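Here's the structure, in structure tokens; my notes come after.
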Amino acid sequence: MSEPVLTLRGIRKRFGAVLAVDGVDLDLQAGEIHALVGENGAGKSTLAAIAFGAVTPDEGTVDAKAVVGLVHQHFQLVDRLNVWENVLLGREPRRGWRIDRVAARERVRALATEHGLDVDPDALVENLPIGVQQRVELLRELERSPGVLLLDEPTAALAPTEIASFFRTVTALAKAGTAVLIVTHKLQEVIDYSTRVTVMRAGRVVARYDTSATSTDEIARAMVGGDLPPLAERAAIMPAPRLTVRNLVAGSGGGELVDGTFDVRAGEIVGIAGVEGNGQSALADALAGVTAYTGTIELDGVTLASAVTPAARLAAGVRVIPQDRRNEALVLGWSVAENVALGRHQTAPLRRGVLLDDRAEATATQEVIERFDVRPPDPRALVDALSGGNQQKIVVGRALGAHPKLLVAYQPTRGIDVGAATLVQSRLIEARNAGVAVLLISFELDEIFALADRVLVMCGGRFVGAFDRANVDRGRVGALMAGAH
Amino acid sequence: MAAFLRSRIVRDLGIALIVVFGVGSIAMLLAHVSPIDGFSALFDGAFGTTSEFAETLVSATALLFPALGIALAFRAGLFNIGAEGQLVLGGLAAGIAGVFVPGPPIVSIIVTLLAGAIAGGLWGGIAGFLKARFGANEVIATLMLNVIAALFATYIVDGPLHFATANEGETPLLAHTAWLPTIVPDTRLTISIVIALAVALALRFVFNRTIFGFELRAAGEAPQAARRAGIDLSRIALLAMTFSGAIAGLGGATLVTGVLHRFNTGLSPGYGFVAIAVALVGNLEPIWIALAAFAFGILQNGALSMQAEANVPRDIVNVIEGLVIIALAGRRYVASRRTT
């Protein structure tokens, strides 16, 4: 092998009491796509930041033979500037003391064409969909002609079609000689696109593989340090219909639900497959009672009032795991215990007259912490300080602890590590076994196929296909999602 | 202990002290006064004699009521800058009720104070209603209502309810039965300070232990999550502004029944505005707000004797108060930028 373009040796970095990176070596070769995987908190992002030079290691050396670019997990774009202004920020071509707008626009357009990235240089960033914002972020790094490109969870927020086009670009870059490092949770992407894999756990490198000689199972085992616990067993479905939705119309301005008609039985997981933005949000919001709709929603034979009153839905036994965990589900500045109480505080045992019952709150919290293995297991820990996976455990645990009749789970494992994801998925199956009607909305087909008893496909705000678990056709589902008939 | 020293409130107090003494000293030096003389005059004025200390507590109490009201609204995510108007109308209602409701002292006092709280509550509730019903910005609404309150009070006491026995801009003296009993004889320090501290404790209890306080804090900290958790944000806005105004109005009533014994249009020299700073310096925590009110009471009261004895213009105190607010608000802004 030729000499690496980026060499890390003996990297060690401590944040307070946490040893984030503990003696890591890493080489990146020109032309390779190197996947860096590990659970939340394994030290991947810190290592990427050190390789980029944004974080100084306590020990060890970083030797870069080329320009290093980093695309952050959370985009670092100026929303109120347009695309070319973001791409060229700080490096604008000048004519005298002014910015040469014509040249700037042309430069960005040429760069986008060269890399096959479809972007309008004059579009305002805040108006762009997430997938396009990512292209802007990528363009900004590419503008500096990096020999090494670090991508921190680049596909976490992308829809499947966007992911495919993103990897086309990345693969082309690698072919042209760029060394690419991808930090990711998604093992299937690792297998599909990378050439080598480095697995980290608790700050250390625990395994390295040539991608062609490994499997998702082997990587997952290395990540969690043993076998993943198997998903919970599924019991037979109870036949009683629980949720009956007829001619549901909701939402506006893109992503509307045009016609929702379906049933979910007690003790059944119905998976909604579809590309993000095809009516799933409107559906979840209508069920949660946070948006107006027409049509009917029946629960156990009783038609729910269509007024926009989330409280009435909670009282009727509907719990929703919302898509935006940090804003819609949690009060980040609150403790774990207070967040467990949120949404369950209106009824006994947490409510005692006008008071919130501290002891009942403590009991409910302990139950969530134990059943969901929340770490740290401290009811008073601030939720903002927890990892995404542990935050999600609280959201799911709180919902299931309320013993709902219907649970709507919107992307319940988005952006969390495999260990936490498996645990959440098992709890959903257990809830199903206990008779809860579960509506699973997910953009990860693997998740839907693993969990759902029935799969419904959404496209353009309509239900365009239905499959039983026994005879689900992966290719057909994908085609229907993409608008085929 | 180490964690306590690093806590936000302690750092805020540290900043406040540095600003007070640092900037205060510089300002005094510029005025050719020794900072030592200036500050000793200030503290002498605030603590020197029993009656001076009592006056400091009177000022602190006058600030504590509106500060608690403002904190309640703040915790619900609402910026009530209308405490001044709510306080004035509370005072007006108490001034009128106190004239008309003679009776045994206990009844008379309770009715008078209640009148003030209800008037302030209604006034705050208007902004809350506009917010809940139409989404009207509470900052603008309360700011406007302040002006209306001041003019309305002047109109009432000089117009329809002008008493032959009263001067321009005043109501007549209250019936003695409506006067709040003093705690320290021959001073103006009355049981109003006890009432204020009781309100602070009650507010702490409401925030930490009750369903209403829980919902109010959730609505303030994460409105989207609160809404999805079944919390009616409109109801919280209406109630928070109403209670906020009621506490400020109660404060105005205690000024009338405890200090002036009549309503006067010059009742408040801006307590409702300084109280915003008191609430923020107290980190919106009732007990810390009480301490902050005490500190501001020292500044306000000491300023007079500082001017008289050390020839330091009392406006320096206003400058210092303003700088404390800017320093703390700036620190909070920087901290919020860092976490997002």
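So you can find residues: chains in the structure tokens are A, B, ... in the order shown, residues in each start at 1, and ligands are numbered from 1 in order.
Those residues that approach Ile211 in chain B to within 8 Å, counting only C-alpha atoms, are His345, Gln346, Arg351, Val354, Leu355 and Leu356 of chain A; same-chain residues fewer than 6 positions away are not listed.
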- prompt: So which residues touch range 219-236 of chain B within 9 Å, counting only C-alpha atoms, skipping near sequence neighbours fewer than 6 positions away, as a PyMOL selection string?
  reply: (chain A and resi 288-290+309-315+320+322+325-334+342-346) or (chain B and resi 73-78+128-129+131-133+135+212)
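Closest approach to chain B from the set A:Ala316, A:Ala202, A:Ala273, A:Ala482 is made by A:Ala316, with distances taken over only C-alpha atoms.
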message: Need to verify the contact set: Ile50 in chain A, 10 Å, only C-alpha atoms, exclusion of same-chain residues closer than 2 positions in sequence. Can you return it as JSON, numbers by chain?
response: {"A": [8, 11, 12, 13, 21, 44, 45, 46, 47, 48, 52, 53, 54, 55, 56, 57, 61, 62]}
Restricted to C-alpha atoms, what would the selected residues look like written as a tab-separated table (two decimals), in the first residue's frame?
```tsv
chain	number	residue	atom	x	y	z
A	8	LEU	CA	-2.98	9.47	13.45
A	11	ILE	CA	-4.28	9.84	19.96
A	12	ARG	CA	-5.63	10.39	23.44
A	13	LYS	CA	-8.18	13.00	24.50
A	21	VAL	CA	-10.32	8.80	22.79
A	44	LYS	CA	-15.85	8.68	16.71
A	45	SER	CA	-16.82	12.32	16.36
A	46	THR	CA	-14.03	13.41	18.68
A	47	LEU	CA	-11.52	11.48	16.60
A	48	ALA	CA	-12.84	13.11	13.42
A	52	PHE	CA	-9.58	17.81	11.16
A	53	GLY	CA	-7.60	19.90	13.64
A	54	ALA	CA	-10.60	21.45	15.41
A	55	VAL	CA	-9.72	19.64	18.64
A	56	THR	CA	-6.19	19.33	19.99
A	57	PRO	CA	-5.36	15.87	21.34
A	61	THR	CA	0.33	13.09	16.56
A	62	VAL	CA	-1.69	14.02	13.50
```
task: Enumerate, as a ChimeraX atom specification, the complete set of residues in range 3-222 of chain A that a backbone-based DSSP assignment places in helix (DSSP H, G or I).
output: /A:44-52,83-87,101-114,125-127,130-142,160-175,187-193,211-213,216-222
